[in-house]
Each structure stands twice: as structure tokens, then as C-alpha cells.
$ cat upload-v2.cif   # mmCIF, C-alpha atoms
data_upload
#
loop_
_atom_site.label_atom_id
_atom_site.label_comp_id
_atom_site.auth_asym_id
_atom_site.auth_seq_id
_atom_site.Cartn_x
_atom_site.Cartn_y
_atom_site.Cartn_z
CA PRO Q 1 -177.49 -166.38 45.88
CA ARG Q 2 -178.91 -166.57 42.42
CA LEU Q 3 -179.36 -164.38 39.40
CA CYS Q 4 -182.82 -162.79 39.36
CA SER Q 5 -184.69 -160.77 36.82
CA LEU Q 6 -186.39 -157.54 37.80
CA LYS Q 7 -189.76 -159.31 37.85
CA MET Q 8 -188.43 -162.01 40.20
CA MET Q 9 -186.98 -159.36 42.55
CA LEU Q 10 -190.24 -157.42 42.64
CA GLU Q 11 -192.25 -160.59 43.28
CA GLY Q 12 -189.88 -161.48 46.11
CA MET Q 13 -190.21 -158.01 47.63
CA ILE Q 14 -194.01 -158.14 47.40
CA ALA Q 15 -194.06 -161.61 48.98
CA HIS Q 16 -191.86 -160.27 51.79
CA TYR Q 17 -194.18 -157.29 52.36
CA GLN Q 18 -197.17 -159.64 52.44
CA ASP Q 19 -195.44 -161.87 54.97
CA VAL Q 20 -194.46 -158.92 57.18
CA LEU Q 21 -197.93 -157.40 57.05
CA THR Q 22 -199.59 -160.76 57.76
CA ARG Q 23 -197.38 -161.32 60.79
CA LEU Q 24 -198.04 -157.78 61.99
CA ALA Q 25 -201.80 -158.27 61.62
CA ARG Q 26 -201.71 -161.56 63.56
CA TYR Q 27 -199.62 -159.98 66.30
CA ARG Q 28 -201.90 -156.95 66.57
CA VAL Q 29 -205.05 -159.12 66.64
CA ASN Q 30 -203.59 -161.23 69.46
CA LYS Q 31 -202.49 -158.20 71.49
CA LEU Q 32 -205.74 -156.32 70.97
CA SER Q 33 -207.83 -159.39 71.80
CA ALA Q 34 -205.96 -159.75 75.08
CA ARG Q 35 -206.51 -156.04 75.81
CA VAL Q 36 -210.23 -156.29 74.95
CA HIS Q 37 -210.49 -159.24 77.33
CA ILE Q 38 -208.93 -157.18 80.14
CA ILE Q 39 -211.08 -154.12 79.38
CA THR Q 40 -214.22 -156.28 79.46
CA GLY Q 41 -213.25 -157.47 82.93
CA LEU Q 42 -212.49 -153.95 84.12
CA ILE Q 43 -215.83 -152.64 82.86
CA LYS Q 44 -217.62 -155.53 84.55
CA ALA Q 45 -215.71 -154.89 87.78
CA ILE Q 46 -216.51 -151.18 87.72
CA SER Q 47 -220.21 -151.98 87.36
CA ILE Q 48 -220.04 -153.99 90.62
CA VAL Q 49 -217.27 -151.95 92.24
CA ASP Q 50 -218.61 -152.05 95.80
CA GLU Q 51 -218.81 -155.84 95.87
CA VAL Q 52 -215.37 -156.16 94.29
CA ILE Q 53 -213.79 -153.80 96.84
CA ALA Q 54 -215.46 -155.67 99.70
CA LEU Q 55 -214.20 -159.00 98.33
CA ILE Q 56 -210.64 -157.67 97.97
CA ARG Q 57 -210.70 -156.24 101.51
CA GLN Q 58 -211.78 -159.62 102.89
CA SER Q 59 -208.94 -161.44 101.12
CA LYS Q 60 -205.69 -162.33 102.87
CA ASN Q 61 -203.31 -161.25 100.13
CA LYS Q 62 -203.13 -160.45 96.44
CA GLU Q 63 -203.24 -164.08 95.29
CA ASP Q 64 -206.21 -164.83 97.52
CA ALA Q 65 -208.01 -161.75 96.15
CA LYS Q 66 -207.44 -162.93 92.58
CA GLN Q 67 -208.69 -166.43 93.40
CA ASN Q 68 -211.80 -165.00 95.08
CA LEU Q 69 -212.54 -162.77 92.07
CA VAL Q 70 -212.17 -165.71 89.70
CA HIS Q 71 -214.42 -168.01 91.70
CA THR Q 72 -217.03 -165.48 92.82
CA TYR Q 73 -217.55 -163.35 89.69
CA ASP Q 74 -216.21 -165.62 86.92
CA PHE Q 75 -213.33 -163.34 85.94
CA SER Q 76 -210.36 -164.89 84.18
CA PHE Q 77 -206.95 -164.84 85.90
CA GLU Q 78 -205.76 -162.04 83.59
CA GLN Q 79 -208.83 -159.94 84.37
CA ALA Q 80 -208.46 -160.60 88.09
CA GLU Q 81 -204.79 -159.49 87.93
CA ALA Q 82 -205.82 -156.27 86.18
CA ILE Q 83 -208.59 -155.62 88.72
CA VAL Q 84 -206.33 -156.23 91.72
CA SER Q 85 -203.63 -153.99 90.20
CA LEU Q 86 -206.17 -151.24 89.44
CA ARG Q 87 -205.76 -148.09 91.51
CA LEU Q 88 -208.85 -146.59 93.06
CA TYR Q 89 -208.45 -143.22 91.34
CA ARG Q 90 -209.07 -145.03 88.02
CA LEU Q 91 -212.71 -145.57 89.03
CA THR Q 92 -213.72 -142.03 88.09
CA ASN Q 93 -216.27 -141.40 85.35
CA THR Q 94 -213.63 -140.13 82.92
CA ASP Q 95 -211.66 -143.37 83.20
CA ILE Q 96 -214.78 -145.46 82.65
CA VAL Q 97 -215.55 -143.44 79.51
CA ALA Q 98 -211.92 -143.82 78.42
CA LEU Q 99 -212.13 -147.60 78.92
CA LYS Q 100 -215.26 -147.78 76.79
CA GLU Q 101 -213.63 -145.68 74.07
CA GLU Q 102 -210.50 -147.85 74.16
CA PHE Q 103 -212.73 -150.92 73.92
CA ALA Q 104 -214.48 -149.56 70.81
CA VAL Q 105 -211.19 -148.54 69.16
CA ALA Q 106 -209.66 -151.94 69.88
CA LEU Q 107 -212.65 -153.74 68.37
CA ASN Q 108 -212.40 -151.61 65.22
CA GLU Q 109 -208.68 -152.36 64.91
CA ILE Q 110 -209.28 -156.08 65.40
CA GLU Q 111 -211.92 -156.00 62.67
CA TYR Q 112 -209.52 -154.14 60.35
CA TYR Q 113 -206.61 -156.55 60.92
CA GLU Q 114 -208.83 -159.62 60.60
CA GLY Q 115 -210.06 -158.18 57.29
CA LEU Q 116 -206.42 -157.93 56.15
CA LEU Q 117 -205.83 -161.54 57.15
CA SER Q 118 -208.92 -162.80 55.36
CA SER Q 119 -208.64 -160.85 52.09
CA GLN Q 120 -205.64 -160.88 49.76
CA SER Q 121 -206.89 -157.80 47.91
CA LEU Q 122 -207.16 -155.77 51.14
CA LEU Q 123 -203.65 -156.90 52.04
CA ASN Q 124 -202.36 -155.75 48.64
CA HIS Q 125 -204.15 -152.40 48.98
CA GLU Q 126 -202.55 -151.90 52.40
CA ILE Q 127 -199.11 -152.69 50.95
CA ILE Q 128 -199.70 -150.13 48.17
CA ARG Q 129 -200.85 -147.54 50.71
CA ARG Q 130 -197.76 -148.06 52.88
CA LEU Q 131 -195.43 -147.87 49.87
CA GLU Q 132 -197.09 -144.63 48.79
CA VAL Q 133 -196.50 -143.19 52.25
CA ILE Q 134 -192.82 -144.16 51.99
CA LYS Q 135 -192.67 -142.61 48.53
CA LYS Q 136 -194.04 -139.33 49.89
CA GLN Q 137 -191.66 -139.42 52.86
CA PHE Q 138 -188.54 -139.99 50.78
CA PRO Q 139 -189.02 -138.37 47.39
CA SER Q 140 -186.02 -138.63 45.13
CA PRO Q 141 -185.93 -137.44 41.55
CA ARG Q 142 -184.42 -139.58 38.85
CA ARG Q 143 -180.68 -139.06 38.75
CA THR Q 144 -179.94 -140.51 35.32
CA GLN Q 145 -180.80 -138.94 32.04
CA LEU Q 146 -182.26 -141.12 29.30
CA SER Q 147 -181.30 -140.31 25.77
CA SER Q 148 -182.02 -141.83 22.40
CA GLN Q 149 -178.61 -140.81 21.04
CA GLU Q 150 -175.70 -143.18 21.11
CA ALA Q 151 -172.64 -141.90 22.85
CA LYS Q 152 -169.34 -142.46 21.08
CA VAL Q 153 -166.68 -143.71 23.42
CA PHE Q 154 -163.04 -143.50 22.35
CA ILE Q 155 -160.51 -145.58 24.26
CA ASP Q 156 -156.84 -144.79 23.74
CA HIS Q 157 -155.13 -148.20 24.04
CA VAL Q 158 -151.71 -146.63 24.00
CA ASN Q 159 -152.22 -144.81 27.32
CA ILE Q 160 -153.84 -147.75 29.10
CA PHE Q 161 -150.76 -149.97 29.26
CA LEU Q 162 -147.64 -147.99 29.93
CA PRO Q 163 -144.37 -149.90 29.55
CA GLU Q 164 -142.40 -149.89 32.78
CA ARG Q 165 -139.94 -152.13 34.58
CA VAL Q 166 -141.36 -154.23 37.39
CA VAL Q 167 -139.81 -156.54 40.01
CA ILE Q 168 -141.87 -159.49 41.28
CA SER Q 169 -140.81 -161.41 44.39
CA MET Q 170 -142.30 -164.76 45.32
CA PHE Q 171 -141.67 -166.26 48.74
CA ARG Q 172 -141.71 -169.89 49.93
CA ASP Q 173 -145.14 -169.60 51.53
CA ARG Q 174 -146.61 -168.51 48.21
CA TYR Q 175 -146.69 -164.84 49.04
CA VAL Q 176 -146.22 -162.63 45.98
CA LYS Q 177 -145.02 -159.06 46.20
#

$ encode --input "upload-v2.cif" --output "C-alpha cells"
Amino acid sequence: PRLCSLKMMLEGMIAHYQDVLTRLARYRVNKLSARVHIITGLIKAISIVDEVIALIRQSKNKEDAKQNLVHTYDFSFEQAEAIVSLRLYRLTNTDIVALKEEFAVALNEIEYYEGLLSSQSLLNHEIIRRLEVIKKQFPSPRRTQLSSQEAKVFIDHVNIFLPERVVISMFRDRYVK
């Protein structure tokens, strides 16, 4: 613990927000990149769905199917796992469109978060935006009143210390009562 001025406390809070937002951006970029990788594999698999289904049907088990997908069509192990776990009803046109939309949204989010990581000014603007949202969520008016007048305080010393008889007991183990 140390004594801090208001400026030091605000700088510490801003540094903390920057650290939190930077870690969040890195985390989101990593997660979204992994998801984009899987979606790319799913879109590729859907484009050659008949061959993929035939290859899976010829495989002995799930692990063999994944190995065959990796070696035959150059999928990664993560993509092969997603393809093998994919249910057939997901091959409808609406799901393909949804995958493409998710892919586009994920790429936009990755671009946004990478922009935050690369630019200090964008990071600061995002911090300001988030603080403004918090300010709107939790509005609280000022509770103190500022005045230019000096208040006169009168302390009655007579009533502070009242004379009374007191008994103090001290025990061997330094306990005072």
C-alpha cells in the first residue's frame, strides 16, 4: 500500500483498463481464429460432401475417419473433428448460409480486435466508450453540495469529556478490562 494522488489513481485505473482490454482482445482473436479455421473446414467439406460422406462410411471408426480426412483432403485435425461430429441435418442450405455469415462476422471481429491491439488510440477510444456505457447504466447525481461559504463549527469542550469514576483491571496475561 502507498499514498497516491488522484492523478496516480486515475493513471493506475486507466492502465488496468488497458491491460484488461488488451487481454480480452488477444483472447477473442485467438478464439475467433480457431472458429474461422473450423468454419473454413466445414465449408470446404460441404462443397465436397458426397466424397466426405463416402470416406467416413469406409472408415473403421471415428479416429480412422479423422485420419482419412486429414490425409485425403488436407484438413487439420480440428477441422476433421468438427466434420466427423457434424450431424447430417446441418448440411441444409440454411446452415451453409449461416456458416458463411458466421465466417464473415468472425473475420470482422478479428479485424476489430487486431486494430485494438495495434493502435493505442483505438484502445483508448474503446475504454472511453465502455466507461460511457457504464455511466449511462449507473447514473448517480452528486450527493455533496459545494459552497463558497465557510461553515462555523462550534465544539463544546465541556460536554466532550465528562468526569466519571472508572475502574481499570489488568490481568497477568496483559489483558486490560

$ atom_distance --input "upload-v2.cif" --atom1 "atom CA of Q:Ser85" --atom2 "atom CA of Q:Arg57"
13.5 Å

$ resolve_selection --input "upload-v2.cif" --expression "the PyMOL selection byres ((chain Q and resi 41-49) around 9)" --output "list of chain:residue names"
Q:Val36, Q:His37, Q:Ile38, Q:Ile39, Q:Thr40, Q:Asp50, Q:Glu51, Q:Val52, Q:Ile53, Q:Ala54, Q:Tyr73, Q:Phe75, Q:Ser76, Q:Glu78, Q:Gln79, Q:Ala80, Q:Ala82, Q:Ile83, Q:Leu86, Q:Leu91, Q:Ile96, Q:Leu99, Q:Lys100

$ closest_residue --input "upload-v2.cif" --among "Q:Leu10, Q:Leu146, Q:Val84, Q:Val153" --to "Q:Ser59" --atoms "all atoms listed in the file"
Q:Val84

$ resolve_selection --input "upload-v2.cif" --expression "the PyMOL selection byres ((chain Q and resi 33) around 12)" --output "PyMOL selection string"
chain Q and resi 25-32+34-40+103-111+113-114

$ write_last_selection --input "upload-v2.cif" --atoms "C-alpha atoms" --output "short mmCIF file (atom, residue, chain, number, x, y, z; two decimals), in the frame of the given file"
data_model
loop_
_atom_site.label_atom_id
_atom_site.label_comp_id
_atom_site.auth_asym_id
_atom_site.auth_seq_id
_atom_site.Cartn_x
_atom_site.Cartn_y
_atom_site.Cartn_z
CA ALA Q 25 -201.80 -158.27 61.62
CA ARG Q 26 -201.71 -161.56 63.56
CA TYR Q 27 -199.62 -159.98 66.30
CA ARG Q 28 -201.90 -156.95 66.57
CA VAL Q 29 -205.05 -159.12 66.64
CA ASN Q 30 -203.59 -161.23 69.46
CA LYS Q 31 -202.49 -158.20 71.49
CA LEU Q 32 -205.74 -156.32 70.97
CA ALA Q 34 -205.96 -159.75 75.08
CA ARG Q 35 -206.51 -156.04 75.81
CA VAL Q 36 -210.23 -156.29 74.95
CA HIS Q 37 -210.49 -159.24 77.33
CA ILE Q 38 -208.93 -157.18 80.14
CA ILE Q 39 -211.08 -154.12 79.38
CA THR Q 40 -214.22 -156.28 79.46
CA PHE Q 103 -212.73 -150.92 73.92
CA ALA Q 104 -214.48 -149.56 70.81
CA VAL Q 105 -211.19 -148.54 69.16
CA ALA Q 106 -209.66 -151.94 69.88
CA LEU Q 107 -212.65 -153.74 68.37
CA ASN Q 108 -212.40 -151.61 65.22
CA GLU Q 109 -208.68 -152.36 64.91
CA ILE Q 110 -209.28 -156.08 65.40
CA GLU Q 111 -211.92 -156.00 62.67
CA TYR Q 113 -206.61 -156.55 60.92
CA GLU Q 114 -208.83 -159.62 60.60
#

$ residues_near_point --input "upload-v2.cif" --point "(-204.3, -159.6, 52.5)" --cutoff "12 Å" --atoms "all atoms listed in the file" --output "number ranges by chain"
Q: 14-15, 17-26, 112-128

$ atom_distance --input "upload-v2.cif" --atom1 "atom CA of Q:Lys135" --atom2 "atom CA of Q:Met13"
15.6 Å

$ atom_distance --input "upload-v2.cif" --atom1 "atom CA of Q:Lys62" --atom2 "atom CA of Q:Glu81"
8.7 Å

$ closest_residue --input "upload-v2.cif" --among "Q:Leu55, Q:Arg2, Q:Glu11, Q:Phe154" --to "Q:Thr72" --atoms "all atoms listed in the file"
Q:Leu55

$ decode --input "upload-v2.cif" --residues "stretch 51-170 of chain Q" --atoms "C-alpha atoms" --output "PDB file, in the first residue's frame"
ATOM      1  CA  GLU Q  51     -16.841 -37.639 -51.159  1.00  0.00           C
ATOM      2  CA  VAL Q  52     -16.556 -36.832 -47.457  1.00  0.00           C
ATOM      3  CA  ILE Q  53     -19.571 -38.996 -46.572  1.00  0.00           C
ATOM      4  CA  ALA Q  54     -18.207 -41.868 -48.674  1.00  0.00           C
ATOM      5  CA  LEU Q  55     -14.812 -41.572 -46.956  1.00  0.00           C
ATOM      6  CA  ILE Q  56     -16.406 -41.565 -43.492  1.00  0.00           C
ATOM      7  CA  ARG Q  57     -18.561 -44.596 -44.352  1.00  0.00           C
ATOM      8  CA  GLN Q  58     -15.474 -46.520 -45.483  1.00  0.00           C
ATOM      9  CA  SER Q  59     -13.625 -45.775 -42.231  1.00  0.00           C
ATOM     10  CA  LYS Q  60     -13.488 -48.254 -39.360  1.00  0.00           C
ATOM     11  CA  ASN Q  61     -14.180 -45.817 -36.542  1.00  0.00           C
ATOM     12  CA  LYS Q  62     -14.167 -42.141 -35.672  1.00  0.00           C
ATOM     13  CA  GLU Q  63     -10.379 -41.890 -35.318  1.00  0.00           C
ATOM     14  CA  ASP Q  64      -9.834 -43.644 -38.635  1.00  0.00           C
ATOM     15  CA  ALA Q  65     -12.328 -41.283 -40.297  1.00  0.00           C
ATOM     16  CA  LYS Q  66     -10.453 -38.257 -38.949  1.00  0.00           C
ATOM     17  CA  GLN Q  67      -7.106 -39.638 -40.125  1.00  0.00           C
ATOM     18  CA  ASN Q  68      -8.535 -40.332 -43.589  1.00  0.00           C
ATOM     19  CA  LEU Q  69      -9.952 -36.804 -43.843  1.00  0.00           C
ATOM     20  CA  VAL Q  70      -6.624 -35.298 -42.819  1.00  0.00           C
ATOM     21  CA  HIS Q  71      -4.595 -37.340 -45.278  1.00  0.00           C
ATOM     22  CA  THR Q  72      -7.019 -37.330 -48.217  1.00  0.00           C
ATOM     23  CA  TYR Q  73      -8.331 -33.751 -48.221  1.00  0.00           C
ATOM     24  CA  ASP Q  74      -5.670 -31.887 -46.209  1.00  0.00           C
ATOM     25  CA  PHE Q  75      -7.967 -30.944 -43.338  1.00  0.00           C
ATOM     26  CA  SER Q  76      -6.395 -30.170 -39.976  1.00  0.00           C
ATOM     27  CA  PHE Q  77      -7.185 -32.423 -37.001  1.00  0.00           C
ATOM     28  CA  GLU Q  78      -9.510 -29.782 -35.534  1.00  0.00           C
ATOM     29  CA  GLN Q  79     -11.390 -29.460 -38.829  1.00  0.00           C
ATOM     30  CA  ALA Q  80     -11.617 -33.238 -39.173  1.00  0.00           C
ATOM     31  CA  GLU Q  81     -13.041 -33.489 -35.627  1.00  0.00           C
ATOM     32  CA  ALA Q  82     -15.675 -30.870 -36.475  1.00  0.00           C
ATOM     33  CA  ILE Q  83     -16.565 -32.637 -39.737  1.00  0.00           C
ATOM     34  CA  VAL Q  84     -16.881 -36.054 -38.101  1.00  0.00           C
ATOM     35  CA  SER Q  85     -19.003 -34.567 -35.288  1.00  0.00           C
ATOM     36  CA  LEU Q  86     -21.230 -32.728 -37.780  1.00  0.00           C
ATOM     37  CA  ARG Q  87     -24.785 -34.025 -37.989  1.00  0.00           C
ATOM     38  CA  LEU Q  88     -26.256 -34.580 -41.424  1.00  0.00           C
ATOM     39  CA  TYR Q  89     -29.184 -32.217 -40.885  1.00  0.00           C
ATOM     40  CA  ARG Q  90     -26.630 -29.371 -40.712  1.00  0.00           C
ATOM     41  CA  LEU Q  91     -25.940 -29.793 -44.439  1.00  0.00           C
ATOM     42  CA  THR Q  92     -29.067 -27.871 -45.447  1.00  0.00           C
ATOM     43  CA  ASN Q  93     -28.795 -24.641 -47.429  1.00  0.00           C
ATOM     44  CA  THR Q  94     -29.778 -22.501 -44.430  1.00  0.00           C
ATOM     45  CA  ASP Q  95     -26.902 -23.901 -42.363  1.00  0.00           C
ATOM     46  CA  ILE Q  96     -24.427 -23.298 -45.180  1.00  0.00           C
ATOM     47  CA  VAL Q  97     -25.605 -19.683 -45.415  1.00  0.00           C
ATOM     48  CA  ALA Q  98     -25.389 -19.396 -41.620  1.00  0.00           C
ATOM     49  CA  LEU Q  99     -21.806 -20.733 -41.697  1.00  0.00           C
ATOM     50  CA  LYS Q 100     -20.834 -18.169 -44.319  1.00  0.00           C
ATOM     51  CA  GLU Q 101     -22.439 -15.375 -42.304  1.00  0.00           C
ATOM     52  CA  GLU Q 102     -20.688 -16.553 -39.128  1.00  0.00           C
ATOM     53  CA  PHE Q 103     -17.421 -16.637 -41.069  1.00  0.00           C
ATOM     54  CA  ALA Q 104     -17.872 -13.026 -42.236  1.00  0.00           C
ATOM     55  CA  VAL Q 105     -18.846 -11.811 -38.747  1.00  0.00           C
ATOM     56  CA  ALA Q 106     -15.870 -13.589 -37.185  1.00  0.00           C
ATOM     57  CA  LEU Q 107     -13.474 -12.027 -39.695  1.00  0.00           C
ATOM     58  CA  ASN Q 108     -14.876  -8.566 -38.942  1.00  0.00           C
ATOM     59  CA  GLU Q 109     -14.477  -9.129 -35.198  1.00  0.00           C
ATOM     60  CA  ILE Q 110     -10.908 -10.367 -35.657  1.00  0.00           C
ATOM     61  CA  GLU Q 111     -10.105  -7.259 -37.688  1.00  0.00           C
ATOM     62  CA  TYR Q 112     -11.647  -5.038 -34.987  1.00  0.00           C
ATOM     63  CA  TYR Q 113      -9.750  -6.684 -32.111  1.00  0.00           C
ATOM     64  CA  GLU Q 114      -6.470  -6.703 -34.031  1.00  0.00           C
ATOM     65  CA  GLY Q 115      -6.999  -2.983 -34.649  1.00  0.00           C
ATOM     66  CA  LEU Q 116      -7.381  -2.504 -30.877  1.00  0.00           C
ATOM     67  CA  LEU Q 117      -4.164  -4.415 -30.279  1.00  0.00           C
ATOM     68  CA  SER Q 118      -2.219  -2.441 -32.858  1.00  0.00           C
ATOM     69  CA  SER Q 119      -3.422   1.084 -32.042  1.00  0.00           C
ATOM     70  CA  GLN Q 120      -3.196   2.754 -28.636  1.00  0.00           C
ATOM     71  CA  SER Q 121      -5.644   5.485 -29.676  1.00  0.00           C
ATOM     72  CA  LEU Q 122      -8.292   2.926 -30.719  1.00  0.00           C
ATOM     73  CA  LEU Q 123      -7.768   1.157 -27.400  1.00  0.00           C
ATOM     74  CA  ASN Q 124      -8.270   4.438 -25.522  1.00  0.00           C
ATOM     75  CA  HIS Q 125     -11.408   5.238 -27.536  1.00  0.00           C
ATOM     76  CA  GLU Q 126     -12.814   1.798 -26.700  1.00  0.00           C
ATOM     77  CA  ILE Q 127     -12.097   2.366 -22.994  1.00  0.00           C
ATOM     78  CA  ILE Q 128     -13.897   5.730 -23.169  1.00  0.00           C
ATOM     79  CA  ARG Q 129     -16.847   4.136 -24.965  1.00  0.00           C
ATOM     80  CA  ARG Q 130     -17.147   1.373 -22.350  1.00  0.00           C
ATOM     81  CA  LEU Q 131     -16.920   3.863 -19.479  1.00  0.00           C
ATOM     82  CA  GLU Q 132     -19.647   5.971 -21.079  1.00  0.00           C
ATOM     83  CA  VAL Q 133     -21.872   2.896 -21.292  1.00  0.00           C
ATOM     84  CA  ILE Q 134     -21.262   2.243 -17.585  1.00  0.00           C
ATOM     85  CA  LYS Q 135     -22.019   5.884 -16.824  1.00  0.00           C
ATOM     86  CA  LYS Q 136     -25.353   5.613 -18.642  1.00  0.00           C
ATOM     87  CA  GLN Q 137     -26.169   2.326 -16.913  1.00  0.00           C
ATOM     88  CA  PHE Q 138     -25.486   3.606 -13.409  1.00  0.00           C
ATOM     89  CA  PRO Q 139     -26.269   7.310 -13.285  1.00  0.00           C
ATOM     90  CA  SER Q 140     -25.836   8.853  -9.884  1.00  0.00           C
ATOM     91  CA  PRO Q 141     -26.207  12.534  -9.143  1.00  0.00           C
ATOM     92  CA  ARG Q 142     -23.701  14.332  -6.987  1.00  0.00           C
ATOM     93  CA  ARG Q 143     -24.579  13.866  -3.341  1.00  0.00           C
ATOM     94  CA  THR Q 144     -22.496  16.654  -1.835  1.00  0.00           C
ATOM     95  CA  GLN Q 145     -23.200  20.312  -2.107  1.00  0.00           C
ATOM     96  CA  LEU Q 146     -20.333  22.678  -2.853  1.00  0.00           C
ATOM     97  CA  SER Q 147     -20.441  26.065  -1.243  1.00  0.00           C
ATOM     98  CA  SER Q 148     -18.144  29.054  -1.175  1.00  0.00           C
ATOM     99  CA  GLN Q 149     -19.203  29.964   2.370  1.00  0.00           C
ATOM    100  CA  GLU Q 150     -17.222  28.806   5.351  1.00  0.00           C
ATOM    101  CA  ALA Q 151     -19.176  26.886   7.912  1.00  0.00           C
ATOM    102  CA  LYS Q 152     -18.591  27.836  11.527  1.00  0.00           C
ATOM    103  CA  VAL Q 153     -18.177  24.831  13.728  1.00  0.00           C
ATOM    104  CA  PHE Q 154     -18.531  25.228  17.493  1.00  0.00           C
ATOM    105  CA  ILE Q 155     -17.206  22.451  19.704  1.00  0.00           C
ATOM    106  CA  ASP Q 156     -18.242  22.460  23.343  1.00  0.00           C
ATOM    107  CA  HIS Q 157     -15.192  21.056  25.161  1.00  0.00           C
ATOM    108  CA  VAL Q 158     -17.065  20.836  28.424  1.00  0.00           C
ATOM    109  CA  ASN Q 159     -19.503  18.202  27.140  1.00  0.00           C
ATOM    110  CA  ILE Q 160     -16.880  16.105  25.373  1.00  0.00           C
ATOM    111  CA  PHE Q 161     -15.088  14.856  28.482  1.00  0.00           C
ATOM    112  CA  LEU Q 162     -17.484  14.113  31.281  1.00  0.00           C
ATOM    113  CA  PRO Q 163     -15.895  13.431  34.667  1.00  0.00           C
ATOM    114  CA  GLU Q 164     -16.832   9.991  35.942  1.00  0.00           C
ATOM    115  CA  ARG Q 165     -15.311   7.292  38.117  1.00  0.00           C
ATOM    116  CA  VAL Q 166     -13.747   4.370  36.284  1.00  0.00           C
ATOM    117  CA  VAL Q 167     -12.248   1.039  37.409  1.00  0.00           C
ATOM    118  CA  ILE Q 168      -9.452  -0.488  35.317  1.00  0.00           C
ATOM    119  CA  SER Q 169      -8.388  -4.109  35.847  1.00  0.00           C
ATOM    120  CA  MET Q 170      -5.180  -5.523  34.399  1.00  0.00           C
TER     121      MET Q 170
END
